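Reading through the structure tokens given below for one structure.
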Amino acid sequence: MEKTLIVITGPTGVGKTELCLTIAEHFGCEIINCDSRQIFREIPIGTAAPTVEQQQRVRHYFVGTLALETYFSASLYEEQVCRMIEESDREVFLLTGGSMMYIDAVCNGIDELPTVRDDIREELKRQLAAEGLDALLDELQCLDPDYYAVVDKKNPRRVLHALEICRQTSKPYSTFLKKEKKTRPFNIVKIGLTRDRIILYERINKRVEDMISQGLIEEARNVFHLRHLNSLNTVGYKEMFDYFDGETTLEEAIRRIQSNTRRYMRKQETWFKRDKEIMWFNPTDIKEIIKYIDKFLLLQRK
């Protein structure tokens with residue numbers, strides 16, 4: 001039997017964690033976590049990382065394994081996950097999470113981008129300092145409206161990178177993200193989880209409140225001195241850092257975390273809906289999801 005990777009994804013707050021524990025237990029497989037922030041050990045509360053108890057139920061990979069200062073990327077994730085699958089004696093693997101670029105990296109491969117000239121990179125840095133992020137976003141919207149629609153507009157690093165490629169090549173950055181996907185030595189079945197948006201909003205708001213009660217404020221204080229790191233350019237910590245700086249109240253910081261998380265959830269939905277290989281289910285439809293996976297595995301055995 002060929003190896004099979006089950007990918008279960010969906011927007012933040014939809015209920016992936018508990019469902020995937022049940023699925024992993026049913027198929028006797030381990031969980032390959034796919035979250036670009038849960039991999040850092042210092043921030044489990046604000047990233048809603050699987051708890052110790054959940055990790056005792058099913059073995060997880062890529063949870064709390066790196067320090068915040070450690071460089072990590074989608075390409076490194078792709079390399080390590082593919083090697084893990086190749087070297088394992090198992091036949092079925094479960095990858096789950098909401099980090100869109102990480103999922104694409106494993107399923108489709110990383111696009112090879114041209115090297116950017118130093119003068120272009122330095123000019124964009126000067127422009128960011130002089131004119132601010134909004135000016136660069138306006139340029140990105142003109143040069144590459146497709147990528148503008150999905151980019152994290154609060155993340156200057158990603159905006160700068162896209163504009164670097166646009167200026168270097170005179171082509172939209174998004175065109176370099178549509179390369180023919182790599183052939184993988186394993187089968188892939190994709191499952192997406194979805195709920196009514198109002199319910200998702202309520203779940204997100206409640207989860208943020210739970211994070212506060214679990215100690216998010218203290219967790220953010222403990223990493224405040226590392227706020228310059230890209231790994232902390234993340235919803236939950238940026239707002240708390242503003243609170244520590246006296247730029248907002250705690251109540252307003254919590255409200256912003258909820259609002260920005262809901263905004264990120266909508267961006268995830270937009271991204272995932274472009275993938276026609278995803279079969280969508282409500283997280284409560286556990287029996288239907290298992291039946292769908294069983295059918296896929298049966299077809300691979302024939």
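Following the order of the structure tokens, first chain is A, next is B, and so on, with residues numbered from 1 inside each chain and ligands from 1 in the order they appear.
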
- Item | Surrounding residues of stretch 241-252 of chain A excluding itself and chain neighbours under 3 positions, 10 Å, only C-alpha atoms, as a PyMOL selection string | chain A and resi 217+220-221+223-225+227+232+236-238+255-258

Pull N, CA, C and O atoms from the residues just selected and write them as a short mmCIF file (atom, residue, chain, number, x, y, z; two decimals), in the first residue's frame.
```cif
data_model
loop_
_atom_site.label_atom_id
_atom_site.label_comp_id
_atom_site.auth_asym_id
_atom_site.auth_seq_id
_atom_site.Cartn_x
_atom_site.Cartn_y
_atom_site.Cartn_z
N ILE A 217 -1.53 37.05 29.52
CA ILE A 217 -0.87 38.32 29.86
C ILE A 217 0.55 38.05 30.38
O ILE A 217 1.52 38.67 29.94
N ALA A 220 2.86 36.75 27.62
CA ALA A 220 3.32 37.84 26.75
C ALA A 220 4.39 38.68 27.44
O ALA A 220 5.35 39.12 26.81
N ARG A 221 4.24 38.91 28.75
CA ARG A 221 5.26 39.67 29.49
C ARG A 221 6.61 38.94 29.45
O ARG A 221 7.66 39.57 29.35
N VAL A 223 7.91 37.26 27.16
CA VAL A 223 8.61 37.34 25.86
C VAL A 223 8.66 38.77 25.33
O VAL A 223 9.09 39.00 24.21
N PHE A 224 8.26 39.72 26.17
CA PHE A 224 8.20 41.12 25.74
C PHE A 224 9.55 41.62 25.24
O PHE A 224 9.63 42.40 24.28
N HIS A 225 10.62 41.15 25.85
CA HIS A 225 11.96 41.60 25.46
C HIS A 225 12.37 41.07 24.09
O HIS A 225 13.37 41.52 23.52
N ARG A 227 10.24 41.14 21.45
CA ARG A 227 9.15 41.59 20.58
C ARG A 227 9.62 41.91 19.16
O ARG A 227 8.81 41.95 18.24
N LEU A 232 7.12 36.67 16.87
CA LEU A 232 6.16 37.31 17.77
C LEU A 232 5.34 38.39 17.06
O LEU A 232 4.57 39.11 17.70
N GLY A 236 -2.32 38.48 19.22
CA GLY A 236 -2.30 38.09 20.63
C GLY A 236 -1.13 38.70 21.35
O GLY A 236 -1.27 39.17 22.49
N TYR A 237 0.01 38.75 20.69
CA TYR A 237 1.21 39.31 21.30
C TYR A 237 1.40 40.77 20.90
O TYR A 237 1.75 41.60 21.74
N LYS A 238 1.15 41.09 19.65
CA LYS A 238 1.27 42.49 19.22
C LYS A 238 0.35 43.39 20.04
O LYS A 238 0.74 44.48 20.47
N ARG A 255 -10.12 43.23 23.07
CA ARG A 255 -11.06 43.42 21.96
C ARG A 255 -10.33 43.36 20.62
O ARG A 255 -10.83 42.77 19.66
N ARG A 256 -9.13 43.94 20.56
CA ARG A 256 -8.37 43.92 19.31
C ARG A 256 -7.90 42.51 18.97
O ARG A 256 -7.86 42.13 17.80
N ILE A 257 -7.52 41.73 19.97
CA ILE A 257 -7.12 40.35 19.70
C ILE A 257 -8.29 39.59 19.08
O ILE A 257 -8.12 38.85 18.10
N GLN A 258 -9.46 39.77 19.65
CA GLN A 258 -10.64 39.10 19.10
C GLN A 258 -10.92 39.56 17.68
O GLN A 258 -11.16 38.73 16.78
#
```

- Message: Give me the residues near stretch 267-278 of chain A as an NGL selection string, where near means some atom within 7 Å (using only C-alpha atoms) and where sequence neighbours in that chain fewer than 2 positions away do not count.
- Response: :A and (11 or 150 or 190-192 or 263-265 or 280)

- Item | Residue set, stretch 120-161 of chain A restricted to alpha helix (DSSP H), as a PyMOL selection string | chain A and resi 120-131+133-143+145-148+156-161

- Message: I'd like the interatomic distance between atom CA of A:Asp111 and atom CA of A:Glu79, to a tenth of an Å.
- Response: 13.2 Å

- Query: So what do you get for atom CA of A:Asp35 versus atom CA of A:Glu218, distance-wise?
  - Reply: 22.1 Å

Might you pull out every residue within 8 Å of stretch 195-201 of chain A, with only C-alpha atoms counted and same-chain residues fewer than 6 positions away left off, and present them as a PDB file with C-alpha atoms, in the first residue's frame?
```pdb
ATOM      1  CA  GLY A  13     -11.263  28.400  16.106  1.00  0.00           C
ATOM      2  CA  VAL A  14     -13.183  25.906  13.965  1.00  0.00           C
ATOM      3  CA  ARG A 262     -11.637  37.101  13.295  1.00  0.00           C
ATOM      4  CA  ASN A 282     -18.635  20.405   9.818  1.00  0.00           C
ATOM      5  CA  PRO A 283     -16.341  19.268  12.680  1.00  0.00           C
TER       6      PRO A 283
END
```

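Compared by their closest atoms to A:Lys153, and using only C-alpha atoms, the residues A:Cys20, A:Cys166, A:Ile204, A:Leu136 rank with A:Leu136 nearest.
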